Amino acid sequence: MTKGGMESVEVFTAEGKGRGLKAQKEFLPGDVIFAEPAYAAVVFDSLTHVICHTCFKRQERLHRCGQCKFAYYCDRTCQRAAWLNHKNECSAIKRHGKAPSENIRLAARILWKIEREGSGLSEGCLVSIDELQNHVDSFGEEEKKDLRTDVESFLEFWPPHCQQFGMQFISHIFGVISCNGFTLSDQRGLQAVGVGIFPNLCQANHDCWPNCTVVFNNGNHEAVRSMFHTQMRIELRALSKISPGDELTVSYVDFLNLSEERRKQLKKQYYFDCTCEHCKKQIKDDLMLAVKAGESKPSADTVKEVIQFSKDTLEKINKARMEGLYHEVVKLCRECLKKQEPVLGDTNIYLLRILSIASEVLSYLQMFEEAADYAKRMVDGYLKIYHPNNAQLGMAVMRAGVTHWHAGLIEAGHGLICKAYAILLITHGPSHPITKDLEAMRVQTEMELRLFQQNEFMYYKMREAALKNQKIQVMPEPSNENAPGLFHKKE
């Protein structure tokens, strides 16, 4: 079954997994299999005034809707593009006196769209909203309580003159949001800023070692002529060669966890038991639990003690980061690494987690040489664990490259930036803002490397001027959040 712009995929029944998506033709790494606009999407409650409600870009100065005083837009173009979806919301917010939570707003947008278009197949959709999984029957007591609260809040917000829906259908919509909400990120892809529903994407099943990745594209309304404007959308991109008839899979969770942990997370958040090959055979678990090799192999008790110490330290680190105590974070990382280094192997995830935090926070504190050393070790470990075309790997390699550049290690910095660029060309595509940033960094570091190779003394003399120019960006303030995940799960 195919529909408008979705000719290259079909929905099929996957054994033991319900519906899935299958390729109708061959794809190569980096190919866009399909692009899909949001059925409905909203900005997170905490960011409504700093993110455009149409394209989800972070902007310095935004235009506020003069009617409801709640929605913000880049400019008149974004405001006009939003009106069809914002019109009902705008009058409902004025009537209600305030905007409800993101969950209520998203459910309302979905139901207004159903009121306009019906709940059957929308243009370009392979399945209707009615057919999406809601997993309400699998909800625990706490989730059922949250669902009842959401439904009550929704009914208070929903205008009496709009089409009325039954409680069961409203509960279905909230279930769909809970299980199928997709995380939307800002234009740099570094921060989760909203949540949307993409019915076609919802059909892609999970695999811990997938053949596809999903990237959010904010679209472009900046061209003078509207015929060159592009819509906000998600893109499903191939990570490896895909043959006609192959199932298209994405990963709902970060691979950098033991198979047992990933399975627990998937069961808790998405209500299924992962039976992918990597989970069944516990592939890479040995690397993620590696201990120091050699003659004096540490005892099982020592390993257990160090891992427990690492877990306790990670909790302390999270607390210190929440309070902005970055020097305390560095101290905790150094203490932990001292304990870990004689015991844990180079690919052990507890060591890698500490190296990642240490390199990020030290970069922020501009202690670049120490940060670069930790970043290099982290990347070396990641390269042995992650899929070679993994977006999170690409972002980590990019950060490490920038850290090396700041530390004056131009050869290693340029090499890492080139490696990151090769990965992100596949995962994000050449026109994504982050890939464009990387391309500019690659060109800059290549020129600097040539100068360094010709005249090292001259290179260091000119480096100060290059730093003042600040083309390559300084690390942002460390955040306590992980990079945006694929699907948004209401906590």
# chains A, B, ... in the order shown; residues from 1 in each chain; ligands from 1

call {"tool": "select_by_dssp", "arguments": {"residues": "stretch 59-285 of chain A", "states": "alpha helix (DSSP H)", "output": "PyMOL selection string"}}
result
chain A and resi 76-96+102-117+141-157+167-180+259-270+277-280+285

call {"tool": "write_last_selection", "arguments": {"atoms": "C-alpha atoms", "output": "PDB file, in the first residue's frame"}}
result
ATOM      1  CA  ARG A  76       5.057  36.925   9.291  1.00  0.00           C
ATOM      2  CA  THR A  77       5.823  34.032   6.895  1.00  0.00           C
ATOM      3  CA  CYS A  78       5.931  31.515   9.748  1.00  0.00           C
ATOM      4  CA  GLN A  79       2.871  33.123  11.355  1.00  0.00           C
ATOM      5  CA  ARG A  80       0.847  32.840   8.131  1.00  0.00           C
ATOM      6  CA  ALA A  81       1.977  29.225   7.647  1.00  0.00           C
ATOM      7  CA  ALA A  82       0.771  28.410  11.182  1.00  0.00           C
ATOM      8  CA  TRP A  83      -2.674  29.987  10.976  1.00  0.00           C
ATOM      9  CA  LEU A  84      -4.625  26.903   9.829  1.00  0.00           C
ATOM     10  CA  ASN A  85      -3.361  24.943  12.863  1.00  0.00           C
ATOM     11  CA  HIS A  86      -3.305  27.878  15.288  1.00  0.00           C
ATOM     12  CA  LYS A  87      -6.709  29.435  14.507  1.00  0.00           C
ATOM     13  CA  ASN A  88      -8.797  27.171  16.783  1.00  0.00           C
ATOM     14  CA  GLU A  89      -6.059  27.013  19.402  1.00  0.00           C
ATOM     15  CA  CYS A  90      -5.833  30.816  19.463  1.00  0.00           C
ATOM     16  CA  SER A  91      -9.527  31.375  20.270  1.00  0.00           C
ATOM     17  CA  ALA A  92      -9.570  28.408  22.732  1.00  0.00           C
ATOM     18  CA  ILE A  93      -6.608  29.882  24.677  1.00  0.00           C
ATOM     19  CA  LYS A  94      -8.347  33.289  24.831  1.00  0.00           C
ATOM     20  CA  ARG A  95     -11.582  31.654  26.040  1.00  0.00           C
ATOM     21  CA  HIS A  96      -9.776  29.408  28.544  1.00  0.00           C
ATOM     22  CA  GLU A 102       1.921  20.522  25.671  1.00  0.00           C
ATOM     23  CA  ASN A 103       0.067  17.182  25.875  1.00  0.00           C
ATOM     24  CA  ILE A 104      -3.356  18.885  25.904  1.00  0.00           C
ATOM     25  CA  ARG A 105      -2.326  21.280  23.120  1.00  0.00           C
ATOM     26  CA  LEU A 106      -1.104  18.410  20.928  1.00  0.00           C
ATOM     27  CA  ALA A 107      -4.277  16.353  21.495  1.00  0.00           C
ATOM     28  CA  ALA A 108      -6.386  19.433  20.670  1.00  0.00           C
ATOM     29  CA  ARG A 109      -4.456  20.083  17.441  1.00  0.00           C
ATOM     30  CA  ILE A 110      -4.944  16.445  16.378  1.00  0.00           C
ATOM     31  CA  LEU A 111      -8.690  16.603  17.096  1.00  0.00           C
ATOM     32  CA  TRP A 112      -9.125  19.936  15.294  1.00  0.00           C
ATOM     33  CA  LYS A 113      -7.435  18.390  12.278  1.00  0.00           C
ATOM     34  CA  ILE A 114      -9.819  15.399  12.490  1.00  0.00           C
ATOM     35  CA  GLU A 115     -12.724  17.883  12.744  1.00  0.00           C
ATOM     36  CA  ARG A 116     -11.496  19.571   9.530  1.00  0.00           C
ATOM     37  CA  GLU A 117     -10.468  16.504   7.527  1.00  0.00           C
ATOM     38  CA  GLU A 141      -1.805   2.575  37.565  1.00  0.00           C
ATOM     39  CA  GLU A 142       0.298   5.757  37.489  1.00  0.00           C
ATOM     40  CA  GLU A 143      -0.068   6.108  33.711  1.00  0.00           C
ATOM     41  CA  LYS A 144      -3.827   5.550  33.910  1.00  0.00           C
ATOM     42  CA  LYS A 145      -4.051   8.265  36.564  1.00  0.00           C
ATOM     43  CA  ASP A 146      -2.069  10.672  34.313  1.00  0.00           C
ATOM     44  CA  LEU A 147      -4.340   9.760  31.396  1.00  0.00           C
ATOM     45  CA  ARG A 148      -7.495  10.587  33.416  1.00  0.00           C
ATOM     46  CA  THR A 149      -5.950  13.933  34.462  1.00  0.00           C
ATOM     47  CA  ASP A 150      -5.085  14.739  30.822  1.00  0.00           C
ATOM     48  CA  VAL A 151      -8.594  13.864  29.609  1.00  0.00           C
ATOM     49  CA  GLU A 152     -10.179  16.071  32.316  1.00  0.00           C
ATOM     50  CA  SER A 153      -7.868  18.997  31.455  1.00  0.00           C
ATOM     51  CA  PHE A 154      -8.583  18.498  27.764  1.00  0.00           C
ATOM     52  CA  LEU A 155     -12.369  18.631  28.312  1.00  0.00           C
ATOM     53  CA  GLU A 156     -11.983  21.919  30.226  1.00  0.00           C
ATOM     54  CA  PHE A 157      -9.955  23.381  27.326  1.00  0.00           C
ATOM     55  CA  MET A 167     -14.055   9.661  26.075  1.00  0.00           C
ATOM     56  CA  GLN A 168     -12.695   6.469  24.506  1.00  0.00           C
ATOM     57  CA  PHE A 169     -11.482   8.276  21.382  1.00  0.00           C
ATOM     58  CA  ILE A 170      -9.936  11.121  23.416  1.00  0.00           C
ATOM     59  CA  SER A 171      -8.120   8.494  25.545  1.00  0.00           C
ATOM     60  CA  HIS A 172      -6.948   6.820  22.300  1.00  0.00           C
ATOM     61  CA  ILE A 173      -5.414  10.132  21.127  1.00  0.00           C
ATOM     62  CA  PHE A 174      -3.541  10.590  24.432  1.00  0.00           C
ATOM     63  CA  GLY A 175      -2.338   6.971  24.199  1.00  0.00           C
ATOM     64  CA  VAL A 176      -1.089   7.640  20.661  1.00  0.00           C
ATOM     65  CA  ILE A 177       0.797  10.742  21.880  1.00  0.00           C
ATOM     66  CA  SER A 178       2.333   8.787  24.766  1.00  0.00           C
ATOM     67  CA  CYS A 179       3.603   5.930  22.556  1.00  0.00           C
ATOM     68  CA  ASN A 180       4.232   7.655  19.225  1.00  0.00           C
ATOM     69  CA  SER A 259      21.164  -5.267  25.911  1.00  0.00           C
ATOM     70  CA  GLU A 260      19.311  -6.026  29.169  1.00  0.00           C
ATOM     71  CA  GLU A 261      19.042  -2.288  29.953  1.00  0.00           C
ATOM     72  CA  ARG A 262      17.820  -1.465  26.441  1.00  0.00           C
ATOM     73  CA  ARG A 263      15.200  -4.223  26.648  1.00  0.00           C
ATOM     74  CA  LYS A 264      13.981  -2.943  30.035  1.00  0.00           C
ATOM     75  CA  GLN A 265      13.714   0.602  28.658  1.00  0.00           C
ATOM     76  CA  LEU A 266      11.833  -0.561  25.545  1.00  0.00           C
ATOM     77  CA  LYS A 267       9.416  -2.662  27.593  1.00  0.00           C
ATOM     78  CA  LYS A 268       8.737   0.194  30.013  1.00  0.00           C
ATOM     79  CA  GLN A 269       8.317   2.936  27.404  1.00  0.00           C
ATOM     80  CA  TYR A 270       6.992   1.123  24.344  1.00  0.00           C
ATOM     81  CA  GLU A 277      19.744  -9.944  16.952  1.00  0.00           C
ATOM     82  CA  HIS A 278      21.873  -7.622  19.099  1.00  0.00           C
ATOM     83  CA  CYS A 279      19.627  -8.196  22.126  1.00  0.00           C
ATOM     84  CA  LYS A 280      19.159 -11.941  21.601  1.00  0.00           C
ATOM     85  CA  ASP A 285      27.797  -6.422  25.742  1.00  0.00           C
TER      86      ASP A 285
END

call {"tool": "select_by_dssp", "arguments": {"residues": "stretch 217-347 of chain A", "states": "strand (DSSP E)", "output": "CSV table (one decimal) with N, CA and C atoms, in the first residue's frame"}}
result
chain,number,residue,atom,x,y,z
A,217,ASN,N,14.1,18.0,10.1
A,217,ASN,CA,14.5,19.1,9.3
A,217,ASN,C,13.5,20.2,9.5
A,233,ARG,N,9.7,19.0,8.5
A,233,ARG,CA,9.4,17.6,8.2
A,233,ARG,C,10.4,16.7,8.9
A,234,ILE,N,10.1,15.4,9.0
A,234,ILE,CA,11.2,14.5,9.4
A,234,ILE,C,11.6,13.7,8.1
A,235,GLU,N,12.9,13.3,8.1
A,235,GLU,CA,13.4,12.5,7.0
A,235,GLU,C,13.8,11.2,7.5
A,236,LEU,N,13.4,10.1,6.9
A,236,LEU,CA,13.9,8.8,7.2
A,236,LEU,C,15.0,8.5,6.2
A,237,ARG,N,16.2,8.3,6.7
A,237,ARG,CA,17.4,8.2,5.9
A,237,ARG,C,18.1,6.8,6.0
A,238,ALA,N,18.6,6.2,5.0
A,238,ALA,CA,19.2,4.9,5.0
A,238,ALA,C,20.6,5.0,5.6
A,247,GLU,N,12.9,-5.0,5.6
A,247,GLU,CA,12.2,-4.1,6.5
A,247,GLU,C,13.0,-2.9,6.9
A,248,LEU,N,12.4,-1.8,7.0
A,248,LEU,CA,13.0,-0.5,7.4
A,248,LEU,C,12.9,-0.4,8.9
A,249,THR,N,14.0,-0.3,9.6
A,249,THR,CA,14.0,-0.2,11.1
A,249,THR,C,14.7,1.1,11.6
A,250,VAL,N,14.3,1.5,12.7
A,250,VAL,CA,15.0,2.7,13.4
A,250,VAL,C,15.2,2.3,14.9

call {"tool": "residues_around", "arguments": {"residues": "A:Glu439", "least_positions_apart": "2", "cutoff": "9 Å", "atoms": "only C-alpha atoms", "output": "ChimeraX atom specification"}}
result
/A:417-418,421,430,434-437,441-444

call {"tool": "write_last_selection", "arguments": {"atoms": "N, CA, C and O atoms", "output": "PDB file, in the first residue's frame"}}
result
ATOM      1  N   ILE A 417      37.195  16.150  12.724  1.00  0.00           N
ATOM      2  CA  ILE A 417      36.141  16.921  12.046  1.00  0.00           C
ATOM      3  C   ILE A 417      35.792  16.278  10.695  1.00  0.00           C
ATOM      4  O   ILE A 417      34.624  16.181  10.326  1.00  0.00           O
ATOM      5  N   CYS A 418      36.806  15.795   9.971  1.00  0.00           N
ATOM      6  CA  CYS A 418      36.551  15.093   8.689  1.00  0.00           C
ATOM      7  C   CYS A 418      35.749  13.813   8.918  1.00  0.00           C
ATOM      8  O   CYS A 418      34.825  13.497   8.155  1.00  0.00           O
ATOM      9  N   TYR A 421      32.191  14.725   9.733  1.00  0.00           N
ATOM     10  CA  TYR A 421      31.518  15.211   8.517  1.00  0.00           C
ATOM     11  C   TYR A 421      31.048  14.039   7.660  1.00  0.00           C
ATOM     12  O   TYR A 421      29.923  14.033   7.141  1.00  0.00           O
ATOM     13  N   PRO A 430      23.587  16.765   3.383  1.00  0.00           N
ATOM     14  CA  PRO A 430      24.465  17.926   3.170  1.00  0.00           C
ATOM     15  C   PRO A 430      23.822  19.276   3.470  1.00  0.00           C
ATOM     16  O   PRO A 430      24.515  20.249   3.721  1.00  0.00           O
ATOM     17  N   ILE A 434      23.721  21.625  10.776  1.00  0.00           N
ATOM     18  CA  ILE A 434      24.884  21.115  11.511  1.00  0.00           C
ATOM     19  C   ILE A 434      25.938  20.570  10.542  1.00  0.00           C
ATOM     20  O   ILE A 434      27.134  20.705  10.768  1.00  0.00           O
ATOM     21  N   THR A 435      25.500  19.993   9.420  1.00  0.00           N
ATOM     22  CA  THR A 435      26.451  19.499   8.410  1.00  0.00           C
ATOM     23  C   THR A 435      27.141  20.682   7.728  1.00  0.00           C
ATOM     24  O   THR A 435      28.335  20.639   7.445  1.00  0.00           O
ATOM     25  N   LYS A 436      26.361  21.749   7.483  1.00  0.00           N
ATOM     26  CA  LYS A 436      26.951  22.956   6.877  1.00  0.00           C
ATOM     27  C   LYS A 436      27.994  23.577   7.813  1.00  0.00           C
ATOM     28  O   LYS A 436      29.048  24.021   7.372  1.00  0.00           O
ATOM     29  N   ASP A 437      27.676  23.609   9.114  1.00  0.00           N
ATOM     30  CA  ASP A 437      28.648  24.112  10.103  1.00  0.00           C
ATOM     31  C   ASP A 437      29.929  23.285  10.047  1.00  0.00           C
ATOM     32  O   ASP A 437      31.045  23.821  10.081  1.00  0.00           O
ATOM     33  N   MET A 441      33.858  24.196   9.202  1.00  0.00           N
ATOM     34  CA  MET A 441      34.964  23.842  10.110  1.00  0.00           C
ATOM     35  C   MET A 441      36.025  23.028   9.378  1.00  0.00           C
ATOM     36  O   MET A 441      37.219  23.209   9.588  1.00  0.00           O
ATOM     37  N   ARG A 442      35.568  22.120   8.517  1.00  0.00           N
ATOM     38  CA  ARG A 442      36.501  21.246   7.774  1.00  0.00           C
ATOM     39  C   ARG A 442      37.404  22.082   6.867  1.00  0.00           C
ATOM     40  O   ARG A 442      38.619  21.879   6.815  1.00  0.00           O
ATOM     41  N   VAL A 443      36.789  23.054   6.172  1.00  0.00           N
ATOM     42  CA  VAL A 443      37.556  23.931   5.275  1.00  0.00           C
ATOM     43  C   VAL A 443      38.550  24.757   6.084  1.00  0.00           C
ATOM     44  O   VAL A 443      39.723  24.883   5.735  1.00  0.00           O
ATOM     45  N   GLN A 444      38.086  25.307   7.212  1.00  0.00           N
ATOM     46  CA  GLN A 444      38.950  26.152   8.045  1.00  0.00           C
ATOM     47  C   GLN A 444      40.135  25.349   8.605  1.00  0.00           C
ATOM     48  O   GLN A 444      41.281  25.789   8.544  1.00  0.00           O
TER      49      GLN A 444
END

call {"tool": "closest_residue", "arguments": {"among": "A:Ala420, A:Ala71, A:Leu449, A:Val343", "to": "A:Cys52", "atoms": "only C-alpha atoms"}}
result
A:Ala71

call {"tool": "residues_around", "arguments": {"residues": "A:Gly401", "least_positions_apart": "4", "cutoff": "10 Å", "atoms": "only C-alpha atoms", "output": "MDAnalysis selection string"}}
result
chainID A and resid 372 375:376 379 395:397 405:407 409:420 441:442 445

call {"tool": "residues_around", "arguments": {"residues": "stretch 349-358 of chain A", "least_positions_apart": "3", "cutoff": "10 Å", "atoms": "only C-alpha atoms", "output": "number ranges by chain"}}
result
A: 256-258, 285, 287-290, 306-311, 313-314, 317-318, 321, 326, 329-334, 336-337, 339-341, 343-346, 361-364, 370-382, 385, 396, 400, 478, 480

call {"tool": "atom_distance", "arguments": {"atom1": "atom CA of A:Gln231", "atom2": "atom CA of A:Lys69"}}
result
24.4 Å

call {"tool": "closest_residue", "arguments": {"among": "A:Ser251, A:Tyr459, A:Lys57, A:Pro298", "to": "A:Leu190", "atoms": "only C-alpha atoms"}}
result
A:Lys57

call {"tool": "atom_distance", "arguments": {"atom1": "atom CA of A:Ala23", "atom2": "atom CA of A:Tyr252"}}
result
19.3 Å
